[in-house]
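Visitor: Provided below: run.txt, containing compact mmCIF, C-alpha atoms.
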```txt
# COMPACT_ATOMS: atom_id res chain seq x y z
CA MET A 1 -5.07 -17.05 -18.71
CA ALA A 2 -8.75 -17.41 -19.52
CA LYS A 3 -11.00 -14.51 -20.32
CA ALA A 4 -13.75 -13.78 -17.82
CA ASN A 5 -17.19 -14.82 -19.07
CA GLU A 6 -18.89 -11.44 -19.11
CA ARG A 7 -21.38 -11.05 -21.97
CA ALA A 8 -21.87 -7.35 -21.32
CA TYR A 9 -18.30 -6.72 -22.49
CA THR A 10 -17.64 -9.49 -24.99
CA ASP A 11 -20.64 -8.61 -27.15
CA VAL A 12 -18.79 -5.53 -28.35
CA GLN A 13 -16.98 -7.91 -30.70
CA LEU A 14 -20.27 -8.69 -32.46
CA ILE A 15 -20.88 -5.17 -33.68
CA ASP A 16 -22.24 -4.60 -37.18
CA ASP A 17 -23.13 -1.38 -38.96
CA ARG A 18 -26.79 -1.24 -37.97
CA GLU A 19 -28.73 0.53 -35.25
CA VAL A 20 -25.78 1.97 -33.40
CA PRO A 21 -26.62 5.10 -31.40
CA THR A 22 -24.46 8.18 -31.77
CA PRO A 23 -25.36 10.32 -28.77
CA ALA A 24 -24.28 13.90 -28.69
CA ALA A 25 -21.41 14.79 -26.41
CA PRO A 26 -20.95 18.18 -24.75
CA PRO A 27 -17.48 19.69 -24.88
CA PRO A 28 -15.31 19.08 -21.80
CA LYS A 29 -15.18 21.76 -19.18
CA GLU A 30 -12.06 23.38 -17.79
CA HIS A 31 -10.42 20.77 -15.59
CA PHE A 32 -8.59 23.05 -13.22
CA ALA A 33 -10.59 23.67 -10.07
CA PRO A 34 -10.55 26.72 -7.83
CA ALA A 35 -8.31 26.49 -4.80
CA GLN A 36 -9.91 24.89 -1.77
CA PRO A 37 -9.61 27.12 1.33
CA ASN A 38 -9.07 24.18 3.69
CA PRO A 39 -7.26 21.09 2.32
CA THR A 40 -8.59 18.94 5.17
CA LYS A 41 -12.25 19.73 4.40
CA LEU A 42 -12.73 19.24 0.70
CA LEU A 43 -16.26 19.49 -0.68
CA LEU A 44 -16.13 18.04 -4.18
CA PRO A 45 -19.03 17.10 -6.47
CA HIS A 46 -17.55 13.83 -7.74
CA ILE A 47 -15.22 12.56 -4.99
CA ASP A 48 -15.99 11.91 -1.35
CA VAL A 49 -12.99 12.60 0.90
CA LYS A 50 -12.48 11.28 4.41
CA LEU A 51 -9.35 11.94 6.47
CA ASP A 52 -8.57 9.53 9.28
CA PHE A 53 -5.74 11.24 11.12
CA GLU A 54 -5.79 8.61 13.87
CA GLN A 55 -4.94 5.86 11.38
CA LYS A 56 -3.09 8.34 9.14
CA ILE A 57 -5.17 7.41 6.06
CA TYR A 58 -6.57 9.72 3.38
CA TRP A 59 -9.63 8.03 1.84
CA ALA A 60 -10.95 9.28 -1.52
CA ALA A 61 -13.91 7.54 -3.15
CA MET A 62 -15.55 8.43 -6.45
CA ARG A 63 -19.19 9.21 -5.67
CA PRO A 64 -21.99 6.95 -6.99
CA SER A 65 -22.67 7.68 -10.64
CA GLN A 66 -25.06 6.56 -13.35
CA HIS A 67 -22.16 7.01 -15.77
CA PRO A 68 -18.99 6.02 -13.87
CA MET A 69 -16.45 7.13 -16.44
CA ILE A 70 -13.56 9.55 -16.44
CA THR A 71 -14.93 12.97 -17.29
CA MET A 72 -13.15 16.30 -17.22
CA GLU A 73 -15.16 17.13 -14.12
CA LEU A 74 -13.89 14.01 -12.34
CA LEU A 75 -10.33 14.79 -13.44
CA ARG A 76 -10.73 18.27 -11.97
CA ASP A 77 -11.74 16.77 -8.63
CA MET A 78 -8.83 14.32 -8.75
CA MET A 79 -6.46 17.25 -9.19
CA CYS A 80 -8.10 18.96 -6.20
CA VAL A 81 -7.47 15.85 -4.10
CA GLN A 82 -3.82 15.78 -5.14
CA GLU A 83 -3.39 19.45 -4.30
CA SER A 84 -4.99 18.97 -0.89
CA ILE A 85 -2.66 16.05 -0.11
CA ARG A 86 0.38 18.09 -1.00
CA ALA A 87 -0.87 20.96 1.19
CA ILE A 88 -1.44 18.63 4.14
CA MET A 89 1.94 16.99 3.65
CA GLU A 90 3.89 20.22 3.62
CA GLU A 91 7.12 20.20 5.59
CA GLY A 92 6.33 19.95 9.29
CA ASN A 93 3.01 18.15 8.79
CA ARG A 94 4.17 14.88 7.22
CA GLN A 95 3.42 12.93 10.36
CA HIS A 96 -0.31 13.45 9.71
CA LEU A 97 -0.70 10.89 6.90
CA ASP A 98 0.98 7.64 5.84
CA TYR A 99 -1.47 6.16 3.29
CA PHE A 100 -3.79 7.23 0.51
CA VAL A 101 -6.68 4.99 -0.65
CA ALA A 102 -8.63 5.51 -3.89
CA ALA A 103 -11.97 3.71 -4.17
CA SER A 104 -15.43 3.99 -5.74
CA GLN A 105 -18.94 4.14 -4.30
CA THR A 106 -20.72 2.95 -7.46
CA PRO A 107 -21.92 -0.60 -6.71
CA GLY A 108 -20.12 -3.16 -8.85
CA VAL A 109 -18.05 -0.58 -10.74
CA TYR A 110 -14.72 1.08 -10.02
CA ASN A 111 -14.67 3.04 -13.27
CA PHE A 112 -15.46 2.27 -16.90
CA GLY A 113 -12.65 4.51 -18.13
CA GLY A 114 -12.55 7.11 -20.86
CA ASN A 115 -15.49 9.19 -22.04
CA LEU A 116 -16.02 7.18 -25.24
CA ILE A 117 -18.95 9.29 -26.41
CA TYR A 118 -16.75 12.37 -26.25
CA PHE A 119 -13.92 10.50 -27.99
CA ALA A 120 -16.17 9.54 -30.89
CA ASP A 121 -17.60 13.04 -31.13
CA CYS A 122 -14.12 14.62 -31.28
CA ILE A 123 -12.97 12.15 -33.92
CA ARG A 124 -16.02 12.71 -36.10
CA ARG A 125 -15.63 16.50 -35.84
CA ARG A 126 -11.82 16.22 -36.32
CA ASP A 127 -11.39 18.07 -33.02
CA TYR A 128 -7.80 17.08 -32.30
CA GLU A 129 -7.29 19.88 -29.78
CA GLY A 130 -10.33 18.92 -27.71
CA LEU A 131 -9.28 15.29 -27.58
CA ARG A 132 -5.71 16.26 -26.68
CA GLU A 133 -6.89 18.50 -23.83
CA TYR A 134 -8.78 15.54 -22.33
CA ALA A 135 -5.90 13.09 -22.83
CA TYR A 136 -3.31 15.43 -21.32
CA ALA A 137 -5.55 16.00 -18.29
CA CYS A 138 -5.69 12.21 -17.82
CA ILE A 139 -1.94 11.79 -17.79
CA ASP A 140 -1.53 14.77 -15.47
CA VAL A 141 -3.64 12.84 -12.95
CA VAL A 142 -2.08 9.40 -13.39
CA TYR A 143 1.42 10.87 -13.28
CA GLY A 144 0.59 12.55 -9.96
CA ASN A 145 -0.71 9.20 -8.70
CA ALA A 146 2.39 7.35 -9.90
CA MET A 147 4.64 9.86 -8.11
CA ALA A 148 2.59 9.48 -4.89
CA PHE A 149 1.74 13.18 -5.35
CA HIS A 150 5.43 13.96 -4.71
CA THR A 151 4.96 13.05 -1.04
CA PRO A 152 6.15 10.14 1.17
CA LEU A 153 2.68 8.53 1.13
CA ILE A 154 2.06 4.91 0.15
CA THR A 155 -0.86 4.89 -2.29
CA ILE A 156 -3.48 2.16 -2.62
CA ALA A 157 -6.23 1.50 -5.18
CA LEU A 158 -9.25 -0.36 -3.78
CA VAL A 159 -11.13 -2.00 -6.67
CA GLN A 160 -14.50 -3.44 -5.60
CA GLY A 161 -16.05 -3.62 -9.05
CA ASP A 162 -15.24 -3.49 -12.73
CA ALA A 163 -12.32 -1.34 -13.87
CA LEU A 164 -12.00 -0.96 -17.64
CA GLY A 165 -9.74 1.03 -19.91
CA GLY A 166 -8.78 4.29 -18.25
CA GLY A 167 -10.38 3.12 -15.00
CA PHE A 168 -7.96 0.19 -14.93
CA GLU A 169 -5.08 2.50 -15.87
CA CYS A 170 -5.97 4.75 -12.94
CA ALA A 171 -5.94 1.79 -10.53
CA LEU A 172 -2.57 0.65 -11.93
CA SER A 173 -1.03 4.07 -11.23
CA PHE A 174 -0.98 3.51 -7.45
CA ASP A 175 1.64 1.65 -5.42
CA VAL A 176 -0.66 -1.17 -4.28
CA LEU A 177 -3.73 -2.61 -6.03
CA VAL A 178 -6.27 -4.29 -3.73
CA ALA A 179 -9.19 -5.98 -5.50
CA GLU A 180 -12.20 -8.02 -4.43
CA LYS A 181 -12.55 -11.43 -6.09
CA SER A 182 -15.66 -10.49 -8.09
CA ALA A 183 -13.97 -7.46 -9.64
CA LYS A 184 -13.15 -7.64 -13.34
CA MET A 185 -10.52 -5.57 -15.08
CA GLY A 186 -9.37 -5.17 -18.64
CA LEU A 187 -8.33 -2.99 -21.54
CA PRO A 188 -10.94 -3.36 -24.31
CA GLU A 189 -9.57 -0.62 -26.59
CA VAL A 190 -8.25 -3.02 -29.25
CA LEU A 191 -11.86 -4.15 -29.83
CA PHE A 192 -12.51 -0.80 -31.50
CA ASN A 193 -9.07 -0.66 -33.17
CA LEU A 194 -7.30 1.54 -30.61
CA PHE A 195 -5.00 0.98 -27.63
CA PRO A 196 -5.04 2.22 -24.01
CA GLY A 197 -2.95 5.36 -24.15
CA MET A 198 -3.09 6.83 -20.64
CA GLY A 199 -0.41 4.73 -18.94
CA ALA A 200 -1.41 1.07 -19.29
CA TYR A 201 1.76 -0.09 -21.04
CA SER A 202 4.01 2.06 -18.87
CA PHE A 203 2.52 0.69 -15.64
CA LEU A 204 2.07 -2.93 -16.69
CA SER A 205 5.47 -3.34 -18.33
CA ARG A 206 7.15 -2.11 -15.15
CA LYS A 207 5.05 -4.43 -13.00
CA ILE A 208 4.82 -7.70 -14.96
CA GLY A 209 7.22 -7.24 -17.88
CA ALA A 210 6.82 -6.05 -21.44
CA ALA A 211 5.75 -9.37 -22.97
CA ALA A 212 2.99 -10.00 -20.42
CA ALA A 213 1.86 -6.36 -20.68
CA GLU A 214 1.58 -6.59 -24.46
CA LYS A 215 -0.33 -9.86 -24.26
CA LEU A 216 -2.83 -8.40 -21.81
CA ILE A 217 -3.31 -5.19 -23.80
CA MET A 218 -3.57 -6.86 -27.21
CA SER A 219 -6.08 -9.47 -25.98
CA GLY A 220 -8.77 -6.85 -25.33
CA SER A 221 -10.08 -9.29 -22.72
CA VAL A 222 -11.68 -8.74 -19.35
CA TYR A 223 -9.98 -10.69 -16.57
CA THR A 224 -11.03 -11.63 -13.07
CA ALA A 225 -9.22 -10.21 -10.07
CA GLU A 226 -8.04 -13.74 -9.26
CA GLU A 227 -6.47 -14.12 -12.72
CA LEU A 228 -4.73 -10.77 -12.39
CA HIS A 229 -3.55 -11.67 -8.90
CA ARG A 230 -1.87 -14.81 -10.27
CA LEU A 231 -0.28 -12.68 -12.99
CA GLY A 232 1.05 -10.21 -10.41
CA VAL A 233 -1.10 -7.24 -11.42
CA VAL A 234 -3.32 -7.36 -8.31
CA ASP A 235 -1.25 -7.19 -5.13
CA VAL A 236 -3.90 -8.07 -2.53
CA LEU A 237 -6.93 -10.25 -3.25
CA ALA A 238 -9.92 -9.71 -0.97
CA GLU A 239 -13.15 -11.60 -0.42
CA ASP A 240 -16.23 -9.93 -1.86
CA GLY A 241 -17.51 -7.19 0.41
CA GLN A 242 -14.27 -7.20 2.40
CA GLY A 243 -12.19 -4.82 0.33
CA GLU A 244 -12.07 -2.03 2.88
CA ASN A 245 -11.22 -4.49 5.64
CA ALA A 246 -8.48 -5.93 3.43
CA VAL A 247 -7.00 -2.45 3.04
CA GLN A 248 -7.15 -1.91 6.80
CA ASP A 249 -5.52 -5.31 7.39
CA TYR A 250 -2.80 -4.57 4.84
CA ILE A 251 -2.05 -1.24 6.51
CA ALA A 252 -2.07 -2.82 9.99
CA ARG A 253 0.37 -5.52 8.88
CA SER A 254 2.60 -2.90 7.27
CA ARG A 255 2.73 -0.51 10.22
CA ARG A 256 5.83 -2.01 11.82
CA ARG A 257 7.65 -1.88 8.49
CA HIS A 258 6.19 1.34 7.18
CA ASN A 259 9.55 3.10 7.04
CA ALA A 260 11.01 0.27 4.94
CA HIS A 261 7.97 0.03 2.66
CA LYS A 262 7.94 3.78 2.10
CA ALA A 263 11.63 3.70 1.19
CA ILE A 264 11.13 0.72 -1.14
CA TYR A 265 8.45 2.51 -3.17
CA ARG A 266 10.65 5.59 -3.31
CA MET A 267 13.53 3.37 -4.50
CA LYS A 268 11.30 1.79 -7.14
CA ARG A 269 10.54 5.19 -8.60
CA ARG A 270 14.28 5.93 -8.72
CA VAL A 271 15.45 2.60 -10.18
CA ASN A 272 12.63 2.28 -12.72
CA PRO A 273 11.46 5.86 -13.17
CA LEU A 274 8.39 6.90 -15.13
CA PRO A 275 9.21 10.18 -16.87
CA TYR A 276 6.28 12.47 -17.56
CA GLU A 277 7.62 12.78 -21.10
CA GLU A 278 7.03 9.05 -21.64
CA LEU A 279 3.34 9.41 -20.78
CA ARG A 280 3.06 12.50 -22.99
CA ASP A 281 4.76 10.79 -25.96
CA VAL A 282 2.50 7.73 -25.64
CA VAL A 283 -0.58 9.96 -25.51
CA ASP A 284 0.57 11.70 -28.68
CA ILE A 285 0.80 8.29 -30.39
CA TRP A 286 -2.67 7.49 -29.04
CA LEU A 287 -4.05 10.76 -30.40
CA ASP A 288 -2.71 10.04 -33.88
CA ALA A 289 -4.18 6.53 -33.77
CA ALA A 290 -7.52 7.80 -32.47
CA MET A 291 -7.84 10.35 -35.27
CA ASN A 292 -7.28 7.52 -37.78
CA LEU A 293 -10.30 5.53 -36.57
CA GLU A 294 -12.99 4.93 -39.16
CA GLU A 295 -16.76 5.01 -38.77
CA HIS A 296 -17.09 1.26 -38.22
CA ASP A 297 -14.52 1.55 -35.39
CA LEU A 298 -16.53 4.33 -33.78
CA ARG A 299 -19.66 2.21 -34.00
CA LYS A 300 -17.87 -0.52 -32.10
CA MET A 301 -16.92 2.08 -29.54
CA MET A 302 -20.57 3.02 -29.13
CA ARG A 303 -21.46 -0.65 -28.81
CA LEU A 304 -19.18 -0.83 -25.79
CA VAL A 305 -20.92 2.21 -24.31
CA ALA A 306 -24.27 0.45 -24.77
CA ALA A 307 -22.87 -2.70 -23.14
CA GLN A 308 -21.72 -0.68 -20.14
CA GLU A 309 -25.15 0.93 -19.81
CA ARG A 310 -26.78 -2.50 -19.88
CA ARG A 311 -24.34 -3.65 -17.24
CA LEU A 312 -25.36 -0.77 -14.99
CA GLY A 313 -29.05 -1.35 -15.73
CA SER A 314 -28.84 -4.98 -14.71
CA GLN A 315 -26.97 -3.98 -11.57
CA ASP A 316 -29.73 -1.52 -10.60
CA LYS A 317 -32.40 -4.24 -10.89
CA LYS A 318 -30.68 -6.51 -8.36
```
Translate this file's structure into structure tokens.
Guide:
Amino acid sequence: MAKANERAYTDVQLIDDREVPTPAAPPPKEHFAPAQPNPTKLLLPHIDVKLDFEQKIYWAAMRPSQHPMITMELLRDMMCVQESIRAIMEEGNRQHLDYFVAASQTPGVYNFGGNLIYFADCIRRRDYEGLREYAYACIDVVYGNAMAFHTPLITIALVQGDALGGGFECALSFDVLVAEKSAKMGLPEVLFNLFPGMGAYSFLSRKIGAAAAEKLIMSGSVYTAEELHRLGVVDVLAEDGQGENAVQDYIARSRRRHNAHKAIYRMKRRVNPLPYEELRDVVDIWLDAAMNLEEHDLRKMMRLVAAQERRLGSQDKK
């Protein structure tokens, strides 16, 4: 499978030891949000929520961002969304929703993944506890996604732009991955001597097998949605600009078999379960590896941040 030709990401491999910025990173904020008084009318700073009770779909889209990465503030909002779904789906109200869709409103980007500036800052300061707090918050969210929030919902990721690292892991944590053809996805962590520790191997090995998962992770490459569709990672391939319609079409086609599909995903979680302890143990391995990174690795990490900023800058000029 060929690597997508995307200079903004591949140039991270050319890093040397000169002229690499080391921006300061503020500490993460508490990721638990106050309870929302009405779970059907969430007002969140980082996620736009729309409930379509007629079609029985809960839409959640990350708001447009100049820095579309996974911050503690975004994780807090994701936890709020999960809590609101569980509240809506309480016994007696389950007929209200059948599907959950996670998308992004940032043009050309689903999510660039982990807060690399914060990672580097924690590693340089030897702040193991701060990095662990962030990592554990990430797996709390992806585990909730993978369990369909402990509800009978079928969950869908709608990827209409680039999903890297933790952004890709988040998309993988849902039942169905719908992606537009121009979307690119990948796990670049090996380029700065680390590995994706927030669920990538757990999700990919269950979906496409251990050998294929390892090959994808160890390549550090960015792949097109079409390549990932052929591999079996992307479930539904959509034309550019038609992602939302593709989701609607998928749901419409599935309506008559919704009971069967819902039971199949429930069965999948029983036959090939994902224990929370597995995610926690992998994160602990990731934390140890992260704290062993050296300065030249961190400079490569910052080079990737610069590449992402250039990617966004070029997108804004179009």
Visitor: Select, from A:Leu131, A:Ala120, A:Val101, A:Met147, the residue with the minimum atom-to-atom distance to A:Met267, counting all atoms listed in the file.
Guide: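 Closest to A:Met267, using all atoms listed in the file: A:Met147.
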Visitor: Can you tell me how far atom CA of A:Arg86 sits from atom CA of A:Pro39, in Å to one decimal?
Guide: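 For atom CA of A:Arg86 relative to atom CA of A:Pro39, the distance reads 8.9 Å.
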Visitor: May I ask which of the residues A:Gly209, A:Gly130, A:Gly165, A:Gly199 is the closest one to A:Met291, counting all atoms listed in the file?
Guide: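 Ranking A:Gly209, A:Gly130, A:Gly165, A:Gly199 by distance to A:Met291, first place goes to A:Gly130.
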Visitor: For A:Lys207, which residue out of A:Thr224, A:Asp235, A:Phe192, A:Leu153 is the nearest one, using only C-alpha atoms?
Guide: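 Of all the options, A:Asp235 lies closest to A:Lys207.
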Visitor: Just how far from atom CA of A:Cys138 is atom CA of A:Gly167, in Å to one decimal?
Guide: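 Value for the atom CA of A:Gly167-atom CA of A:Cys138 distance: 10.6 Å.
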Visitor: Report, in Å to a single decimal, how far apart atom CA of A:Phe168 and atom CA of A:Leu191 are.
Guide: 16.0 Å
Visitor: Quick one: of A:Trp59, A:Phe149, A:Phe112, A:Tyr143, who's nearest to A:Met89, counting all atoms listed in the file?
Guide: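 Closest candidate: A:Phe149.
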Visitor: Show me, as a list in words, the residues that have an atom within 8 Å of A:Leu97 when counting all atoms listed in the file, minus same-chain residues fewer than 4 positions from it.
Guide: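 Counting all atoms listed in the file, the residues come to Phe53, Gln55, Lys56, Ile57, Tyr58, Met89 and Leu153 of chain A.
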Visitor: For each of A:Ala157, A:Ala238, A:Val305, A:Leu279, take the minimum atom-to-atom distance to A:Ala61, counting only C-alpha atoms, then give the residue where this is smallest.
Guide: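 So, comparing all the options, the nearest one is A:Ala157.
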Visitor: Neighbouring residues of stretch 174-182 of chain A were defined as those with any atom within 8 Å, considering all atoms listed in the file; residues of the same chain fewer than 2 positions away were excluded. Please report them as a PyMOL selection string.
Guide: chain A and resi 145-146+148+154-161+170-172+184+224-226+233-243+246-247+265
Visitor: Hey, which of A:His150, A:Ile217, A:Leu194, A:Ile208 ends up closest to A:Leu231? Count all atoms listed in the file.
Guide: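 Of A:His150, A:Ile217, A:Leu194, A:Ile208, the one nearest A:Leu231, counting all atoms listed in the file, is A:Ile208.
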Visitor: Step by step: locate stretch 281-304 of chain A in the block above, keep N, CA, C and O atoms, then write the file as an mmCIF file, in the first residue's frame.
Guide:
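Result file follows (decode14.cif):
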```
data_model
loop_
_atom_site.group_PDB
_atom_site.id
_atom_site.type_symbol
_atom_site.label_atom_id
_atom_site.label_comp_id
_atom_site.auth_asym_id
_atom_site.auth_seq_id
_atom_site.Cartn_x
_atom_site.Cartn_y
_atom_site.Cartn_z
ATOM 1 N N ASP A 281 -3.138 -0.437 30.354
ATOM 2 C CA ASP A 281 -1.796 -1.032 30.335
ATOM 3 C C ASP A 281 -0.976 -0.508 29.151
ATOM 4 O O ASP A 281 0.226 -0.255 29.277
ATOM 5 N N VAL A 282 -1.623 -0.381 27.980
ATOM 6 C CA VAL A 282 -0.921 0.135 26.807
ATOM 7 C C VAL A 282 -0.498 1.580 27.031
ATOM 8 O O VAL A 282 0.617 1.985 26.671
ATOM 9 N N VAL A 283 -1.360 2.371 27.643
ATOM 10 C CA VAL A 283 -1.007 3.765 27.939
ATOM 11 C C VAL A 283 0.180 3.834 28.895
ATOM 12 O O VAL A 283 1.062 4.685 28.743
ATOM 13 N N ASP A 284 0.230 2.922 29.858
ATOM 14 C CA ASP A 284 1.367 2.919 30.780
ATOM 15 C C ASP A 284 2.670 2.608 30.040
ATOM 16 O O ASP A 284 3.726 3.192 30.340
ATOM 17 N N ILE A 285 2.602 1.701 29.067
ATOM 18 C CA ILE A 285 3.780 1.423 28.232
ATOM 19 C C ILE A 285 4.148 2.673 27.434
ATOM 20 O O ILE A 285 5.328 3.029 27.302
ATOM 21 N N TRP A 286 3.120 3.341 26.895
ATOM 22 C CA TRP A 286 3.348 4.572 26.130
ATOM 23 C C TRP A 286 3.997 5.650 27.000
ATOM 24 O O TRP A 286 4.924 6.345 26.560
ATOM 25 N N LEU A 287 3.542 5.777 28.232
ATOM 26 C CA LEU A 287 4.104 6.783 29.131
ATOM 27 C C LEU A 287 5.581 6.518 29.393
ATOM 28 O O LEU A 287 6.408 7.442 29.360
ATOM 29 N N ASP A 288 5.929 5.256 29.636
ATOM 30 C CA ASP A 288 7.331 4.926 29.864
ATOM 31 C C ASP A 288 8.172 5.254 28.631
ATOM 32 O O ASP A 288 9.279 5.800 28.740
ATOM 33 N N ALA A 289 7.643 4.904 27.445
ATOM 34 C CA ALA A 289 8.373 5.186 26.207
ATOM 35 C C ALA A 289 8.503 6.686 25.977
ATOM 36 O O ALA A 289 9.557 7.180 25.550
ATOM 37 N N ALA A 290 7.427 7.424 26.262
ATOM 38 C CA ALA A 290 7.456 8.876 26.055
ATOM 39 C C ALA A 290 8.506 9.534 26.943
ATOM 40 O O ALA A 290 9.238 10.434 26.506
ATOM 41 N N MET A 291 8.596 9.094 28.191
ATOM 42 C CA MET A 291 9.553 9.706 29.110
ATOM 43 C C MET A 291 10.995 9.349 28.767
ATOM 44 O O MET A 291 11.925 9.952 29.297
ATOM 45 N N ASN A 292 11.179 8.368 27.856
ATOM 46 C CA ASN A 292 12.525 8.010 27.407
ATOM 47 C C ASN A 292 12.956 8.755 26.152
ATOM 48 O O ASN A 292 14.079 8.566 25.673
ATOM 49 N N LEU A 293 12.076 9.601 25.603
ATOM 50 C CA LEU A 293 12.439 10.336 24.392
ATOM 51 C C LEU A 293 13.580 11.307 24.695
ATOM 52 O O LEU A 293 13.659 11.893 25.783
ATOM 53 N N GLU A 294 14.432 11.495 23.705
ATOM 54 C CA GLU A 294 15.560 12.403 23.840
ATOM 55 C C GLU A 294 15.272 13.709 23.109
ATOM 56 O O GLU A 294 14.274 13.827 22.387
ATOM 57 N N GLU A 295 16.143 14.687 23.284
ATOM 58 C CA GLU A 295 15.883 16.019 22.745
ATOM 59 C C GLU A 295 15.707 15.998 21.225
ATOM 60 O O GLU A 295 14.848 16.698 20.697
ATOM 61 N N HIS A 296 16.492 15.185 20.513
ATOM 62 C CA HIS A 296 16.332 15.172 19.058
ATOM 63 C C HIS A 296 14.984 14.572 18.659
ATOM 64 O O HIS A 296 14.423 14.924 17.627
ATOM 65 N N ASP A 297 14.430 13.672 19.478
ATOM 66 C CA ASP A 297 13.087 13.145 19.220
ATOM 67 C C ASP A 297 12.039 14.237 19.417
ATOM 68 O O ASP A 297 11.090 14.362 18.629
ATOM 69 N N LEU A 298 12.207 15.025 20.455
ATOM 70 C CA LEU A 298 11.257 16.098 20.733
ATOM 71 C C LEU A 298 11.308 17.163 19.641
ATOM 72 O O LEU A 298 10.281 17.767 19.300
ATOM 73 N N ARG A 299 12.474 17.383 19.080
ATOM 74 C CA ARG A 299 12.577 18.341 17.983
ATOM 75 C C ARG A 299 11.834 17.832 16.748
ATOM 76 O O ARG A 299 11.210 18.612 16.031
ATOM 77 N N LYS A 300 11.885 16.538 16.516
ATOM 78 C CA LYS A 300 11.099 15.974 15.426
ATOM 79 C C LYS A 300 9.602 16.134 15.700
ATOM 80 O O LYS A 300 8.814 16.397 14.796
ATOM 81 N N MET A 301 9.239 15.983 16.947
ATOM 82 C CA MET A 301 7.848 16.185 17.333
ATOM 83 C C MET A 301 7.408 17.609 17.014
ATOM 84 O O MET A 301 6.318 17.838 16.461
ATOM 85 N N MET A 302 8.250 18.581 17.336
ATOM 86 C CA MET A 302 7.926 19.969 17.043
ATOM 87 C C MET A 302 7.908 20.253 15.544
ATOM 88 O O MET A 302 7.171 21.116 15.069
ATOM 89 N N ARG A 303 8.720 19.503 14.802
ATOM 90 C CA ARG A 303 8.687 19.651 13.347
ATOM 91 C C ARG A 303 7.329 19.223 12.803
ATOM 92 O O ARG A 303 6.805 19.852 11.870
ATOM 93 N N LEU A 304 6.752 18.196 13.371
ATOM 94 C CA LEU A 304 5.427 17.765 12.938
ATOM 95 C C LEU A 304 4.384 18.827 13.273
ATOM 96 O O LEU A 304 3.482 19.090 12.475
#
```
